[in-house]
Amino acid sequence: MARPCKRRRICALPSCGRFAPVTDGEHPVITMSLDEFEAVRLIDLEGLTQQECAARMNVARTTAQAIYNSARTKLAECMVNKKELRIEGGDYVLCNGDSRECVSCPKRQKKENGDENNE
Ligand SMILES: [Zn+2]
């Protein structure tokens, strides 16, 4: 049986899923998926290349690039056009820390420290 669309692996969930401009009134909402969030986290915060990001997320480099570009456009849209950002949903699977690509993965570090049962 053919596998459905490959799910993107993510290592971390956002600590906050909602960001809004500090101005009065309602703001249009932009929704960023959790896989887009992960691409920004890996590339902009951890400093990974798109190639490394693709390996970590278990997708092709072109897919990682598309996810990242989409995420960046949404961030710009929020800042420039005063929109609220919500981070939710997406086609992803949460990493269990077993993948060898997951070198700086929070889950992996937890396992290696031997406190995987303390979650
Ligand atoms: Zn991981």
# chains A, B, ... in the order shown; residues from 1 in each chain; ligands from 1
>>> select_by_dssp(residues="range 2-55 of chain A", states="strand (DSSP E)", output="count of residues only")
9
>>> closest_atom_pairs(of="chain A", to="ligand 1", cutoff="12 Å", atoms="only C-alpha atoms and all ligand atoms", output="JSON lines")
{"residue": "A:Arg8", "atom": "CA", "partner": "ligand 1", "partner_atom_place_in_ligand_line": "1 (Zn)", "distance": 11.3}
{"residue": "A:Arg9", "atom": "CA", "partner": "ligand 1", "partner_atom_place_in_ligand_line": "1 (Zn)", "distance": 7.6}
{"residue": "A:Ile10", "atom": "CA", "partner": "ligand 1", "partner_atom_place_in_ligand_line": "1 (Zn)", "distance": 6.5}
{"residue": "A:Cys11", "atom": "CA", "partner": "ligand 1", "partner_atom_place_in_ligand_line": "1 (Zn)", "distance": 4.0}
{"residue": "A:Ala12", "atom": "CA", "partner": "ligand 1", "partner_atom_place_in_ligand_line": "1 (Zn)", "distance": 7.5}
{"residue": "A:Leu13", "atom": "CA", "partner": "ligand 1", "partner_atom_place_in_ligand_line": "1 (Zn)", "distance": 10.9}
{"residue": "A:Glu38", "atom": "CA", "partner": "ligand 1", "partner_atom_place_in_ligand_line": "1 (Zn)", "distance": 10.7}
{"residue": "A:Leu42", "atom": "CA", "partner": "ligand 1", "partner_atom_place_in_ligand_line": "1 (Zn)", "distance": 10.9}
{"residue": "A:Cys53", "atom": "CA", "partner": "ligand 1", "partner_atom_place_in_ligand_line": "1 (Zn)", "distance": 11.3}
{"residue": "A:Ala55", "atom": "CA", "partner": "ligand 1", "partner_atom_place_in_ligand_line": "1 (Zn)", "distance": 10.9}
{"residue": "A:Arg56", "atom": "CA", "partner": "ligand 1", "partner_atom_place_in_ligand_line": "1 (Zn)", "distance": 7.3}
{"residue": "A:Met57", "atom": "CA", "partner": "ligand 1", "partner_atom_place_in_ligand_line": "1 (Zn)", "distance": 8.5}
{"residue": "A:Asn58", "atom": "CA", "partner": "ligand 1", "partner_atom_place_in_ligand_line": "1 (Zn)", "distance": 10.5}
{"residue": "A:Val93", "atom": "CA", "partner": "ligand 1", "partner_atom_place_in_ligand_line": "1 (Zn)", "distance": 10.3}
{"residue": "A:Leu94", "atom": "CA", "partner": "ligand 1", "partner_atom_place_in_ligand_line": "1 (Zn)", "distance": 7.8}
{"residue": "A:Cys95", "atom": "CA", "partner": "ligand 1", "partner_atom_place_in_ligand_line": "1 (Zn)", "distance": 4.6}
{"residue": "A:Asn96", "atom": "CA", "partner": "ligand 1", "partner_atom_place_in_ligand_line": "1 (Zn)", "distance": 6.3}
{"residue": "A:Gly97", "atom": "CA", "partner": "ligand 1", "partner_atom_place_in_ligand_line": "1 (Zn)", "distance": 4.6}
{"residue": "A:Asp98", "atom": "CA", "partner": "ligand 1", "partner_atom_place_in_ligand_line": "1 (Zn)", "distance": 7.3}
{"residue": "A:Ser99", "atom": "CA", "partner": "ligand 1", "partner_atom_place_in_ligand_line": "1 (Zn)", "distance": 6.7}
{"residue": "A:Arg100", "atom": "CA", "partner": "ligand 1", "partner_atom_place_in_ligand_line": "1 (Zn)", "distance": 8.6}
{"residue": "A:Glu101", "atom": "CA", "partner": "ligand 1", "partner_atom_place_in_ligand_line": "1 (Zn)", "distance": 7.6}
{"residue": "A:Cys102", "atom": "CA", "partner": "ligand 1", "partner_atom_place_in_ligand_line": "1 (Zn)", "distance": 4.4}
{"residue": "A:Val103", "atom": "CA", "partner": "ligand 1", "partner_atom_place_in_ligand_line": "1 (Zn)", "distance": 7.4}
{"residue": "A:Ser104", "atom": "CA", "partner": "ligand 1", "partner_atom_place_in_ligand_line": "1 (Zn)", "distance": 7.4}
{"residue": "A:Cys105", "atom": "CA", "partner": "ligand 1", "partner_atom_place_in_ligand_line": "1 (Zn)", "distance": 4.2}
{"residue": "A:Pro106", "atom": "CA", "partner": "ligand 1", "partner_atom_place_in_ligand_line": "1 (Zn)", "distance": 6.6}
{"residue": "A:Lys107", "atom": "CA", "partner": "ligand 1", "partner_atom_place_in_ligand_line": "1 (Zn)", "distance": 5.9}
{"residue": "A:Arg108", "atom": "CA", "partner": "ligand 1", "partner_atom_place_in_ligand_line": "1 (Zn)", "distance": 6.1}
{"residue": "A:Gln109", "atom": "CA", "partner": "ligand 1", "partner_atom_place_in_ligand_line": "1 (Zn)", "distance": 9.0}
{"residue": "A:Lys110", "atom": "CA", "partner": "ligand 1", "partner_atom_place_in_ligand_line": "1 (Zn)", "distance": 10.5}
{"residue": "A:Lys111", "atom": "CA", "partner": "ligand 1", "partner_atom_place_in_ligand_line": "1 (Zn)", "distance": 10.8}
>>> write_last_selection(atoms="N, CA and C atoms", output="JSON list (two decimals), in the first residue's frame")
[["chain", "number", "residue", "atom", "x", "y", "z"],
["A", 8, "ARG", "N", 6.27, 15.65, 7.97],
["A", 8, "ARG", "CA", 7.50, 16.34, 8.33],
["A", 8, "ARG", "C", 7.80, 16.14, 9.80],
["A", 9, "ARG", "N", 9.05, 15.78, 10.09],
["A", 9, "ARG", "CA", 9.41, 15.56, 11.48],
["A", 9, "ARG", "C", 9.77, 16.87, 12.15],
["A", 10, "ILE", "N", 9.22, 17.12, 13.31],
["A", 10, "ILE", "CA", 9.60, 18.31, 14.06],
["A", 10, "ILE", "C", 10.09, 17.90, 15.45],
["A", 11, "CYS", "N", 11.04, 18.66, 15.97],
["A", 11, "CYS", "CA", 11.67, 18.32, 17.26],
["A", 11, "CYS", "C", 11.14, 19.15, 18.41],
["A", 12, "ALA", "N", 10.49, 20.25, 18.12],
["A", 12, "ALA", "CA", 10.03, 21.12, 19.21],
["A", 12, "ALA", "C", 8.71, 21.77, 18.87],
["A", 13, "LEU", "N", 7.88, 21.90, 19.88],
["A", 13, "LEU", "CA", 6.62, 22.61, 19.72],
["A", 13, "LEU", "C", 6.81, 24.05, 20.20],
["A", 38, "GLU", "N", 8.98, 24.99, 12.67],
["A", 38, "GLU", "CA", 10.21, 24.20, 12.86],
["A", 38, "GLU", "C", 11.31, 24.63, 11.89],
["A", 42, "LEU", "N", 14.93, 25.94, 13.11],
["A", 42, "LEU", "CA", 16.17, 25.25, 12.74],
["A", 42, "LEU", "C", 17.12, 26.16, 11.96],
["A", 53, "CYS", "N", 18.46, 21.30, 7.47],
["A", 53, "CYS", "CA", 17.08, 21.41, 7.93],
["A", 53, "CYS", "C", 16.22, 20.31, 7.27],
["A", 55, "ALA", "N", 17.22, 17.39, 6.20],
["A", 55, "ALA", "CA", 17.55, 16.09, 6.81],
["A", 55, "ALA", "C", 16.88, 15.93, 8.16],
["A", 56, "ARG", "N", 16.90, 17.01, 8.94],
["A", 56, "ARG", "CA", 16.28, 16.95, 10.26],
["A", 56, "ARG", "C", 14.77, 16.73, 10.16],
["A", 57, "MET", "N", 14.16, 17.37, 9.17],
["A", 57, "MET", "CA", 12.70, 17.28, 9.05],
["A", 57, "MET", "C", 12.26, 16.10, 8.19],
["A", 58, "ASN", "N", 13.25, 15.38, 7.65],
["A", 58, "ASN", "CA", 12.95, 14.20, 6.85],
["A", 58, "ASN", "C", 12.16, 14.52, 5.58],
["A", 93, "VAL", "N", 5.01, 14.99, 12.24],
["A", 93, "VAL", "CA", 5.09, 13.98, 13.27],
["A", 93, "VAL", "C", 6.13, 14.46, 14.27],
["A", 94, "LEU", "N", 5.80, 14.38, 15.54],
["A", 94, "LEU", "CA", 6.72, 14.86, 16.56],
["A", 94, "LEU", "C", 7.85, 13.86, 16.76],
["A", 95, "CYS", "N", 9.08, 14.33, 16.72],
["A", 95, "CYS", "CA", 10.27, 13.51, 16.85],
["A", 95, "CYS", "C", 10.28, 12.74, 18.17],
["A", 96, "ASN", "N", 10.76, 11.49, 18.14],
["A", 96, "ASN", "CA", 10.86, 10.73, 19.38],
["A", 96, "ASN", "C", 12.30, 10.69, 19.90],
["A", 97, "GLY", "N", 13.21, 11.42, 19.21],
["A", 97, "GLY", "CA", 14.59, 11.50, 19.67],
["A", 97, "GLY", "C", 15.46, 10.34, 19.21],
["A", 98, "ASP", "N", 14.93, 9.44, 18.39],
["A", 98, "ASP", "CA", 15.69, 8.27, 17.96],
["A", 98, "ASP", "C", 16.45, 8.47, 16.65],
["A", 99, "SER", "N", 16.14, 9.54, 15.93],
["A", 99, "SER", "CA", 16.76, 9.74, 14.63],
["A", 99, "SER", "C", 18.20, 10.22, 14.78],
["A", 100, "ARG", "N", 19.10, 9.68, 13.97],
["A", 100, "ARG", "CA", 20.51, 10.07, 14.10],
["A", 100, "ARG", "C", 20.76, 11.49, 13.61],
["A", 101, "GLU", "N", 19.82, 12.04, 12.82],
["A", 101, "GLU", "CA", 19.97, 13.43, 12.37],
["A", 101, "GLU", "C", 19.69, 14.41, 13.51],
["A", 102, "CYS", "N", 19.02, 13.94, 14.53],
["A", 102, "CYS", "CA", 18.56, 14.82, 15.61],
["A", 102, "CYS", "C", 19.65, 15.10, 16.63],
["A", 103, "VAL", "N", 20.75, 15.72, 16.19],
["A", 103, "VAL", "CA", 21.87, 15.90, 17.11],
["A", 103, "VAL", "C", 21.59, 16.92, 18.22],
["A", 104, "SER", "N", 20.92, 18.00, 17.88],
["A", 104, "SER", "CA", 20.69, 19.03, 18.89],
["A", 104, "SER", "C", 19.23, 19.03, 19.36],
["A", 105, "CYS", "N", 18.59, 17.91, 19.13],
["A", 105, "CYS", "CA", 17.16, 17.80, 19.45],
["A", 105, "CYS", "C", 16.92, 17.77, 20.96],
["A", 106, "PRO", "N", 15.98, 18.57, 21.46],
["A", 106, "PRO", "CA", 15.70, 18.58, 22.90],
["A", 106, "PRO", "C", 15.30, 17.20, 23.43],
["A", 107, "LYS", "N", 14.55, 16.45, 22.65],
["A", 107, "LYS", "CA", 14.10, 15.12, 23.08],
["A", 107, "LYS", "C", 15.26, 14.15, 23.20],
["A", 108, "ARG", "N", 16.15, 14.23, 22.21],
["A", 108, "ARG", "CA", 17.31, 13.36, 22.17],
["A", 108, "ARG", "C", 18.21, 13.61, 23.37],
["A", 109, "GLN", "N", 18.41, 14.89, 23.69],
["A", 109, "GLN", "CA", 19.27, 15.24, 24.82],
["A", 109, "GLN", "C", 18.69, 14.70, 26.12],
["A", 110, "LYS", "N", 17.40, 14.75, 26.21],
["A", 110, "LYS", "CA", 16.72, 14.23, 27.39],
["A", 110, "LYS", "C", 16.98, 12.73, 27.53],
["A", 111, "LYS", "N", 16.89, 12.02, 26.40],
["A", 111, "LYS", "CA", 17.12, 10.57, 26.42],
["A", 111, "LYS", "C", 18.55, 10.23, 26.81]]
>>> atom_distance(atom1="CA of Gly17 in chain A", atom2="CA of Leu48 in chain A")
22.8 Å
>>> residues_around(residues="Arg72 in chain A", least_positions_apart="5", cutoff="10 Å", atoms="only C-alpha atoms", output="PyMOL selection string")
chain A and resi 32+36-37+39-40+66-67+77-78
>>> write_last_selection(atoms="C-alpha atoms", output="PDB file, in the first residue's frame")
ATOM      1  CA  MET A  32       1.649  29.243  10.470  1.00  0.00           C
ATOM      2  CA  GLU A  36       6.857  26.019   9.101  1.00  0.00           C
ATOM      3  CA  PHE A  37       7.640  27.012  12.678  1.00  0.00           C
ATOM      4  CA  ALA A  39      11.947  25.347   9.667  1.00  0.00           C
ATOM      5  CA  VAL A  40      12.343  28.879  11.052  1.00  0.00           C
ATOM      6  CA  ALA A  66       9.381  25.884   0.242  1.00  0.00           C
ATOM      7  CA  ILE A  67       8.313  25.445   3.881  1.00  0.00           C
ATOM      8  CA  GLU A  77       3.251  39.811   6.607  1.00  0.00           C
ATOM      9  CA  CYS A  78       2.636  39.959  10.375  1.00  0.00           C
TER      10      CYS A  78
END
>>> closest_residue(among="A:Glu84, A:Ala20, A:Asp35, A:Ala76", to="Ala64 in chain A", atoms="only C-alpha atoms")
A:Asp35
>>> closest_residue(among="A:Tyr68, A:Val80, A:Phe19, A:Ile43", to="Thr31 in chain A", atoms="only C-alpha atoms")
A:Phe19
>>> atom_distance(atom1="CA of Gln65 in chain A", atom2="CA of Gln50 in chain A")
6.3 Å
>>> select_by_dssp(residues="chain A", states="helix (DSSP H, G or I)", output="ChimeraX atom specification")
/A:34-45,50-57,61-81,106-112,116-118
>>> write_last_selection(atoms="C-alpha atoms", output="CSV table (one decimal), in the first residue's frame")
chain,number,residue,atom,x,y,z
A,34,LEU,CA,4.1,23.7,13.0
A,35,ASP,CA,6.4,22.4,10.3
A,36,GLU,CA,6.9,26.0,9.1
A,37,PHE,CA,7.6,27.0,12.7
A,38,GLU,CA,10.2,24.2,12.9
A,39,ALA,CA,11.9,25.3,9.7
A,40,VAL,CA,12.3,28.9,11.1
A,41,ARG,CA,13.6,27.5,14.4
A,42,LEU,CA,16.2,25.3,12.7
A,43,ILE,CA,17.4,27.7,10.1
A,44,ASP,CA,17.2,31.1,11.8
A,45,LEU,CA,17.8,30.1,15.4
A,50,GLN,CA,18.4,24.3,4.3
A,51,GLN,CA,20.1,21.0,3.4
A,52,GLU,CA,20.6,20.2,7.1
A,53,CYS,CA,17.1,21.4,7.9
A,54,ALA,CA,15.7,19.0,5.3
A,55,ALA,CA,17.6,16.1,6.8
A,56,ARG,CA,16.3,16.9,10.3
A,57,MET,CA,12.7,17.3,9.1
A,61,ARG,CA,15.7,20.1,0.3
A,62,THR,CA,13.3,21.7,-2.1
A,63,THR,CA,10.5,20.9,0.2
A,64,ALA,CA,12.4,22.4,3.2
A,65,GLN,CA,13.1,25.5,1.1
A,66,ALA,CA,9.4,25.9,0.2
A,67,ILE,CA,8.3,25.4,3.9
A,68,TYR,CA,10.9,28.0,5.0
A,69,ASN,CA,10.0,30.6,2.4
A,70,SER,CA,6.3,30.3,3.2
A,71,ALA,CA,7.1,30.8,6.9
A,72,ARG,CA,9.2,33.8,6.3
A,73,THR,CA,6.6,35.4,4.1
A,74,LYS,CA,4.1,34.9,6.9
A,75,LEU,CA,6.4,36.5,9.5
A,76,ALA,CA,7.0,39.5,7.2
A,77,GLU,CA,3.3,39.8,6.6
A,78,CYS,CA,2.6,40.0,10.4
A,79,MET,CA,5.3,42.6,11.0
A,80,VAL,CA,4.7,44.8,8.0
A,81,ASN,CA,0.9,44.6,7.8
A,106,PRO,CA,15.7,18.6,22.9
A,107,LYS,CA,14.1,15.1,23.1
A,108,ARG,CA,17.3,13.4,22.2
A,109,GLN,CA,19.3,15.2,24.8
A,110,LYS,CA,16.7,14.2,27.4
A,111,LYS,CA,17.1,10.6,26.4
A,112,GLU,CA,20.9,10.7,26.5
A,116,GLU,CA,13.3,10.0,29.5
A,117,ASN,CA,11.0,8.7,32.2
A,118,ASN,CA,10.8,12.0,34.0
>>> closest_residue(among="A:Pro14, A:Lys82, A:Gly89, A:Asn113", to="Glu26 in chain A", atoms="only C-alpha atoms")
A:Lys82
